[in-house]
Amino acid sequence: MRTSRSGLWLPAQDDDREDLTLIVETPDGTYVRRVPPALPLPAHTDHGRGAEEATHTAAATWGLPDFVFQQAAHAVKGSGVRELGDRLLLAGRRGAVVQVKARTVDPKSDADEAAWIGKVAAKAMRQAKGTVRQLRLQSADMVNGRSRTLRIDGNAFEWIAVFLLDHPRVPPGTLASWAAPGMPAIALTRRDWDFLFDQLRSTTAVLDYLFRAAAEPAVALDNEPVRYYELAAADAVAPPKDIDTDLVGEGGTLFSGPQLPREPAGSDGTNAHLMIRIMLEDIALTSLDASLTESDRFTVLSDLDRLPVSARAEWGHLLRDMLRDVPLVPAEHVKWRFRRLLHEDNTGQLIVGAATCFDPTVQGAFAAYVQLRHHEVTNRTGRAEESSTLGVLLTPRHDGRRPWDTSTVRVHGDLALPPEDLKIYQEGWNRAFDEGSVVDAARTGGPQSSATT
């Protein structure tokens with residue numbers, strides 16, 4: 001076992017297929033984090049392809065299969081065939097070109113291995129740059145981890161190049177170097193990659209971390225967990241950002257948490273964080289209406305995956321409480337409970353709610369609620385054209401087939417609601433709050449809203 005204290009791995013005598021232990025000194029005491037080896041390679045393929053598949057598996061298992069892509073077919077360029085990168089990681093408006101390079105022969109001296117790593121790192125960055133250039137010149141069909149095809153326009157994403165190394169024995173202190181590819185770039189080992197996904201359990205959070213880390217000075221390969229905890233320590237003491245909570249209504253409450261949590265996602269032992277993953281899976285597996293496309297599904301999944309990692313366990317506990325609570329009403333009544341989040345850029349809003357049952361009336365009422373809250377926030381920010389609101393509604397089931405149904409409503413831009421519709425929505429929802437038949441978190445200081453109609 002290798003250990004580290006205050007950001008340094010002690011050298012190992014064996015290869016990297018062993019646990020590492022990171023010991024971090026914090027103001028609250030000593031924190032210990034075990035970092036296991038990278039996932040084993042599949043046995044049915046060669047080493048290089050196996051490293052690519054293991055990289056994909058980590059991102060799909062701890063992130064989401066819908067955010068991991070590979071080319072649907074080779075892109076023909078002139079008389080040749082051009083590959084569009086080993087793997088793409090896409091969520092929201094950010095994308096990573098992941099170039100996996102594996103050492104398939106026995107390592108030589110440390111100096112030789114460091115030279116080889118530098119050579120393949122430079123090659124990986126050239127390939128990543130070419131992939132992005134090609135995607136910006138011409139959109140391409142890409143297949144995600146659920147074997148669904150999306151047309152990817154490279155101009156729709158902010159890109160980062162990722163050199164991902166699979167190596168049995170990285171020389172201690174090795175820094176990969178390359179010519180600047182004209183975009184953010186970072187080098188990781190497969191252990192680093194697996195650590196980030198296991199720690200955060202969110203593709204959006206991993207992409208945000210990669211962009212953040214790429215702006216920092218480079219660290220030695222296999223030392224990404226050290227940098228992670230250095231940044232997490234900085235987050236822990238950073239003051240909350242100044243956010244206008246009144247944008248979500250009178251008395252909105254500011255909740256602040258670190259961007260990078262010290263504890264791995266789901267480490268509280270309750271599995272409450274899995275509520276968000278289950279909701280993502282529900283959306284991913286739902287049959288689409290004829291009017292919707294896989295691109296629409298990708299957008300909805302990306303919006304939900306923006307929920308901060310530090311909030312997911314608490315939201316999971318709340319959602320489970322909502323589902324237990326909303327059926328407890330007299331017959332012919334419907335109880336509603338809501339939680340709303342306005343992202344710090346003030347252009348994205350997430351509404352998650354629960355209701356007693358699902359029928360056309362409930363469906364219409366929830367759609368009205370989402371449109372009303374979107375209209376109210378965008379009227380206050382003046383940024384309607386760049387704003388969106390995602391609403392996710394959970395309704396209990398009682399047939400034993402599954403515990404609940406998941407429904408979504410997403411709106412974007414200026415809704416141009418007719419005055420008569422807006423009046424109906426306001427009377428249906430805001431009047432209920434004013435008359436006291438709805439308990440509103442923004443006015444009571446509580447964490448959620450509930451209504452009985």
# chains A, B, ... in the order shown; residues from 1 in each chain; ligands from 1

$ residues_around --residues "segment 45-54 of chain A" --least-positions-apart "4" --cutoff "6 Å" --atoms "only C-alpha atoms" --output "PyMOL selection string"
chain A and resi 41+100+102

$ write_last_selection --atoms "all heavy atoms" --output "short mmCIF file (atom, residue, chain, number, x, y, z; two decimals), in the first residue's frame"
data_model
loop_
_atom_site.label_atom_id
_atom_site.label_comp_id
_atom_site.auth_asym_id
_atom_site.auth_seq_id
_atom_site.Cartn_x
_atom_site.Cartn_y
_atom_site.Cartn_z
N LEU A 41 -8.98 -4.59 -16.74
CA LEU A 41 -9.26 -4.60 -18.16
C LEU A 41 -10.11 -5.81 -18.51
O LEU A 41 -9.96 -6.88 -17.92
CB LEU A 41 -7.96 -4.64 -18.97
CG LEU A 41 -6.98 -3.49 -18.76
CD1 LEU A 41 -5.78 -3.67 -19.68
CD2 LEU A 41 -7.64 -2.15 -18.99
N VAL A 100 -7.04 7.56 -25.10
CA VAL A 100 -6.50 6.55 -24.20
C VAL A 100 -5.26 5.93 -24.84
O VAL A 100 -5.32 5.44 -25.98
CB VAL A 100 -7.54 5.46 -23.90
CG1 VAL A 100 -6.99 4.45 -22.89
CG2 VAL A 100 -8.83 6.08 -23.38
N ALA A 102 -2.15 3.12 -24.06
CA ALA A 102 -1.77 2.02 -23.16
C ALA A 102 -0.35 1.56 -23.46
O ALA A 102 0.06 1.46 -24.63
CB ALA A 102 -2.75 0.85 -23.32
#

$ residues_around --residues "segment 390-393 of chain A" --least-positions-apart "4" --cutoff "7 Å" --atoms "only C-alpha atoms" --output "VMD selection string"
chain A and resid 303 349 to 354 370 406 to 411

$ closest_residue --among "A:Asp222, A:Asp282, A:Asp359, A:Glu25" --to "Thr189 of chain A" --atoms "only C-alpha atoms"
A:Asp222

$ atom_distance --atom1 "atom CA of Ala180 of chain A" --atom2 "atom CA of Ala121 of chain A"
11.3 Å

$ residues_around --residues "segment 261-277 of chain A" --least-positions-apart "5" --cutoff "6 Å" --atoms "only C-alpha atoms" --output "compact mmCIF listing (two decimals) with N, CA, C and O atoms, in the first residue's frame"
# COMPACT_ATOMS: atom_id res chain seq x y z
N GLN A 199 -15.57 9.32 -7.01
CA GLN A 199 -15.71 10.36 -6.00
C GLN A 199 -16.96 11.21 -6.23
O GLN A 199 -17.68 11.55 -5.29
N LEU A 200 -17.23 11.58 -7.49
CA LEU A 200 -18.26 12.57 -7.80
C LEU A 200 -19.57 11.96 -8.29
O LEU A 200 -20.63 12.57 -8.11
N ARG A 312 -26.88 16.26 -3.42
CA ARG A 312 -27.67 15.12 -3.89
C ARG A 312 -28.20 14.24 -2.78
O ARG A 312 -29.34 13.78 -2.84
N ALA A 313 -27.40 13.97 -1.76
CA ALA A 313 -27.89 13.12 -0.68
C ALA A 313 -29.05 13.79 0.04
O ALA A 313 -30.07 13.16 0.34
N GLY A 316 -32.03 13.62 -2.06
CA GLY A 316 -32.54 12.25 -2.07
C GLY A 316 -33.38 11.95 -0.85
O GLY A 316 -34.46 11.34 -0.94
N HIS A 317 -32.90 12.35 0.33
CA HIS A 317 -33.69 12.18 1.56
C HIS A 317 -35.02 12.91 1.45
O HIS A 317 -36.08 12.38 1.83

$ atom_distance --atom1 "atom CA of Arg201 of chain A" --atom2 "atom CA of Thr55 of chain A"
14.4 Å

$ closest_residue --among "A:Arg306, A:His412, A:Arg380, A:His167" --to "Pro37 of chain A" --atoms "only C-alpha atoms"
A:His167

$ select_by_dssp --residues "segment 201-426 of chain A" --states "strand (DSSP E)" --output "PDB file with N, CA and C atoms, in the first residue's frame"
ATOM      1  N   LYS A 335     -51.971  16.239  -3.035  1.00  0.00           N
ATOM      2  CA  LYS A 335     -50.965  16.967  -2.267  1.00  0.00           C
ATOM      3  C   LYS A 335     -49.715  17.136  -3.121  1.00  0.00           C
ATOM      4  N   TRP A 336     -49.143  18.338  -3.070  1.00  0.00           N
ATOM      5  CA  TRP A 336     -47.952  18.663  -3.836  1.00  0.00           C
ATOM      6  C   TRP A 336     -46.838  19.058  -2.885  1.00  0.00           C
ATOM      7  N   ARG A 337     -45.621  18.669  -3.246  1.00  0.00           N
ATOM      8  CA  ARG A 337     -44.440  19.182  -2.559  1.00  0.00           C
ATOM      9  C   ARG A 337     -43.371  19.492  -3.598  1.00  0.00           C
ATOM     10  N   PHE A 338     -42.646  20.581  -3.382  1.00  0.00           N
ATOM     11  CA  PHE A 338     -41.677  21.047  -4.367  1.00  0.00           C
ATOM     12  C   PHE A 338     -40.352  21.417  -3.710  1.00  0.00           C
ATOM     13  N   ARG A 339     -39.301  21.313  -4.491  1.00  0.00           N
ATOM     14  CA  ARG A 339     -37.989  21.889  -4.183  1.00  0.00           C
ATOM     15  C   ARG A 339     -37.494  22.547  -5.465  1.00  0.00           C
ATOM     16  N   ARG A 340     -37.037  23.784  -5.334  1.00  0.00           N
ATOM     17  CA  ARG A 340     -36.532  24.514  -6.501  1.00  0.00           C
ATOM     18  C   ARG A 340     -35.083  24.907  -6.286  1.00  0.00           C
ATOM     19  N   LEU A 341     -34.332  24.931  -7.383  1.00  0.00           N
ATOM     20  CA  LEU A 341     -32.934  25.353  -7.368  1.00  0.00           C
ATOM     21  C   LEU A 341     -32.691  26.281  -8.542  1.00  0.00           C
ATOM     22  N   LEU A 342     -32.140  27.448  -8.249  1.00  0.00           N
ATOM     23  CA  LEU A 342     -31.689  28.354  -9.300  1.00  0.00           C
ATOM     24  C   LEU A 342     -30.176  28.297  -9.336  1.00  0.00           C
ATOM     25  N   GLY A 348     -30.424  28.851 -15.302  1.00  0.00           N
ATOM     26  CA  GLY A 348     -30.941  27.491 -15.232  1.00  0.00           C
ATOM     27  C   GLY A 348     -31.693  27.277 -13.933  1.00  0.00           C
ATOM     28  N   GLN A 349     -32.859  26.670 -14.017  1.00  0.00           N
ATOM     29  CA  GLN A 349     -33.679  26.422 -12.845  1.00  0.00           C
ATOM     30  C   GLN A 349     -34.117  24.958 -12.855  1.00  0.00           C
ATOM     31  N   LEU A 350     -34.021  24.319 -11.703  1.00  0.00           N
ATOM     32  CA  LEU A 350     -34.449  22.929 -11.557  1.00  0.00           C
ATOM     33  C   LEU A 350     -35.571  22.879 -10.527  1.00  0.00           C
ATOM     34  N   ILE A 351     -36.676  22.267 -10.917  1.00  0.00           N
ATOM     35  CA  ILE A 351     -37.818  22.075 -10.022  1.00  0.00           C
ATOM     36  C   ILE A 351     -38.073  20.584  -9.920  1.00  0.00           C
ATOM     37  N   VAL A 352     -38.041  20.062  -8.722  1.00  0.00           N
ATOM     38  CA  VAL A 352     -38.387  18.659  -8.494  1.00  0.00           C
ATOM     39  C   VAL A 352     -39.560  18.629  -7.534  1.00  0.00           C
ATOM     40  N   GLY A 353     -40.577  17.876  -7.889  1.00  0.00           N
ATOM     41  CA  GLY A 353     -41.770  17.819  -7.063  1.00  0.00           C
ATOM     42  C   GLY A 353     -42.332  16.425  -6.958  1.00  0.00           C
ATOM     43  N   ALA A 354     -43.284  16.282  -6.055  1.00  0.00           N
ATOM     44  CA  ALA A 354     -44.027  15.029  -5.907  1.00  0.00           C
ATOM     45  C   ALA A 354     -45.501  15.372  -5.749  1.00  0.00           C
ATOM     46  N   ALA A 355     -46.343  14.525  -6.260  1.00  0.00           N
ATOM     47  CA  ALA A 355     -47.790  14.716  -6.155  1.00  0.00           C
ATOM     48  C   ALA A 355     -48.441  13.383  -5.842  1.00  0.00           C
ATOM     49  N   SER A 388     -33.507  28.419 -19.078  1.00  0.00           N
ATOM     50  CA  SER A 388     -34.338  27.213 -19.196  1.00  0.00           C
ATOM     51  C   SER A 388     -34.739  26.759 -17.804  1.00  0.00           C
ATOM     52  N   THR A 389     -35.827  26.007 -17.742  1.00  0.00           N
ATOM     53  CA  THR A 389     -36.311  25.431 -16.483  1.00  0.00           C
ATOM     54  C   THR A 389     -36.692  23.987 -16.748  1.00  0.00           C
ATOM     55  N   LEU A 390     -36.165  23.101 -15.918  1.00  0.00           N
ATOM     56  CA  LEU A 390     -36.532  21.682 -15.985  1.00  0.00           C
ATOM     57  C   LEU A 390     -37.368  21.340 -14.759  1.00  0.00           C
ATOM     58  N   GLY A 391     -38.515  20.737 -15.004  1.00  0.00           N
ATOM     59  CA  GLY A 391     -39.354  20.238 -13.928  1.00  0.00           C
ATOM     60  C   GLY A 391     -39.424  18.723 -13.974  1.00  0.00           C
ATOM     61  N   VAL A 392     -39.224  18.081 -12.825  1.00  0.00           N
ATOM     62  CA  VAL A 392     -39.308  16.621 -12.717  1.00  0.00           C
ATOM     63  C   VAL A 392     -40.333  16.304 -11.634  1.00  0.00           C
ATOM     64  N   LEU A 393     -41.347  15.539 -11.976  1.00  0.00           N
ATOM     65  CA  LEU A 393     -42.423  15.206 -11.043  1.00  0.00           C
ATOM     66  C   LEU A 393     -42.425  13.711 -10.755  1.00  0.00           C
ATOM     67  N   LEU A 394     -42.412  13.374  -9.459  1.00  0.00           N
ATOM     68  CA  LEU A 394     -42.520  11.988  -9.016  1.00  0.00           C
ATOM     69  C   LEU A 394     -43.915  11.747  -8.467  1.00  0.00           C
ATOM     70  N   THR A 395     -44.535  10.660  -8.891  1.00  0.00           N
ATOM     71  CA  THR A 395     -45.870  10.297  -8.397  1.00  0.00           C
ATOM     72  C   THR A 395     -45.865   8.820  -8.004  1.00  0.00           C
ATOM     73  N   PRO A 396     -46.320   8.519  -6.780  1.00  0.00           N
ATOM     74  CA  PRO A 396     -46.267   7.131  -6.302  1.00  0.00           C
ATOM     75  C   PRO A 396     -47.114   6.189  -7.148  1.00  0.00           C
ATOM     76  N   TRP A 404     -42.532   4.466  -8.169  1.00  0.00           N
ATOM     77  CA  TRP A 404     -43.065   5.753  -8.619  1.00  0.00           C
ATOM     78  C   TRP A 404     -42.891   5.896 -10.117  1.00  0.00           C
ATOM     79  N   ASP A 405     -43.597   6.880 -10.677  1.00  0.00           N
ATOM     80  CA  ASP A 405     -43.406   7.306 -12.060  1.00  0.00           C
ATOM     81  C   ASP A 405     -42.655   8.627 -12.059  1.00  0.00           C
ATOM     82  N   THR A 406     -41.868   8.839 -13.105  1.00  0.00           N
ATOM     83  CA  THR A 406     -41.108  10.077 -13.269  1.00  0.00           C
ATOM     84  C   THR A 406     -41.565  10.767 -14.542  1.00  0.00           C
ATOM     85  N   SER A 407     -41.975  12.025 -14.415  1.00  0.00           N
ATOM     86  CA  SER A 407     -42.424  12.810 -15.563  1.00  0.00           C
ATOM     87  C   SER A 407     -41.610  14.086 -15.633  1.00  0.00           C
ATOM     88  N   THR A 408     -41.392  14.602 -16.815  1.00  0.00           N
ATOM     89  CA  THR A 408     -40.576  15.806 -16.970  1.00  0.00           C
ATOM     90  C   THR A 408     -41.286  16.845 -17.836  1.00  0.00           C
ATOM     91  N   VAL A 409     -40.990  18.102 -17.531  1.00  0.00           N
ATOM     92  CA  VAL A 409     -41.413  19.242 -18.343  1.00  0.00           C
ATOM     93  C   VAL A 409     -40.211  20.167 -18.447  1.00  0.00           C
ATOM     94  N   ARG A 410     -39.848  20.561 -19.659  1.00  0.00           N
ATOM     95  CA  ARG A 410     -38.735  21.495 -19.830  1.00  0.00           C
ATOM     96  C   ARG A 410     -39.182  22.640 -20.717  1.00  0.00           C
ATOM     97  N   VAL A 411     -38.870  23.858 -20.290  1.00  0.00           N
ATOM     98  CA  VAL A 411     -39.182  25.048 -21.088  1.00  0.00           C
ATOM     99  C   VAL A 411     -37.914  25.865 -21.239  1.00  0.00           C
ATOM    100  N   HIS A 412     -37.874  26.644 -22.315  1.00  0.00           N
ATOM    101  CA  HIS A 412     -36.668  27.419 -22.626  1.00  0.00           C
ATOM    102  C   HIS A 412     -37.074  28.727 -23.272  1.00  0.00           C
TER     103      HIS A 412
END

$ residues_around --residues "Gly145 of chain A" --least-positions-apart "2" --cutoff "6 Å" --atoms "only C-alpha atoms" --output "ChimeraX atom specification"
/A:65-66,68,147

$ write_last_selection --atoms "N, CA, C and O atoms" --output "PDB file, in the first residue's frame"
ATOM      1  N   PRO A  65     -24.329   6.328 -18.877  1.00  0.00           N
ATOM      2  CA  PRO A  65     -23.996   5.852 -20.228  1.00  0.00           C
ATOM      3  C   PRO A  65     -24.364   6.851 -21.320  1.00  0.00           C
ATOM      4  O   PRO A  65     -23.727   6.881 -22.369  1.00  0.00           O
ATOM      5  N   ASP A  66     -25.381   7.663 -21.062  1.00  0.00           N
ATOM      6  CA  ASP A  66     -25.868   8.608 -22.065  1.00  0.00           C
ATOM      7  C   ASP A  66     -24.885   9.735 -22.341  1.00  0.00           C
ATOM      8  O   ASP A  66     -25.059  10.477 -23.314  1.00  0.00           O
ATOM      9  N   VAL A  68     -21.429   9.208 -22.536  1.00  0.00           N
ATOM     10  CA  VAL A  68     -20.180   8.651 -23.070  1.00  0.00           C
ATOM     11  C   VAL A  68     -20.429   8.246 -24.520  1.00  0.00           C
ATOM     12  O   VAL A  68     -21.327   7.456 -24.809  1.00  0.00           O
ATOM     13  N   SER A 147     -26.246   2.800 -26.955  1.00  0.00           N
ATOM     14  CA  SER A 147     -26.324   2.479 -28.390  1.00  0.00           C
ATOM     15  C   SER A 147     -27.325   3.358 -29.123  1.00  0.00           C
ATOM     16  O   SER A 147     -27.949   2.929 -30.107  1.00  0.00           O
TER      17      SER A 147
END

$ closest_residue --among "A:Gly118, A:Asp235, A:Ser177, A:Met183" --to "Pro217 of chain A" --atoms "only C-alpha atoms"
A:Ser177

$ select_by_dssp --residues "segment 234-384 of chain A" --states "alpha helix (DSSP H)" --output "VMD selection string"
chain A and resid 234 to 237 274 to 285 294 to 305 309 to 325 360 to 381

$ closest_residue --among "A:Lys123, A:Arg94, A:Arg402, A:Arg148" --to "Ser302 of chain A" --atoms "only C-alpha atoms"
A:Arg94

$ atom_distance --atom1 "atom CA of Gln371 of chain A" --atom2 "atom CA of Leu415 of chain A"
7.7 Å

$ closest_residue --among "A:Pro308, A:Gly173, A:Pro360, A:Pro184" --to "Arg212 of chain A" --atoms "only C-alpha atoms"
A:Pro184
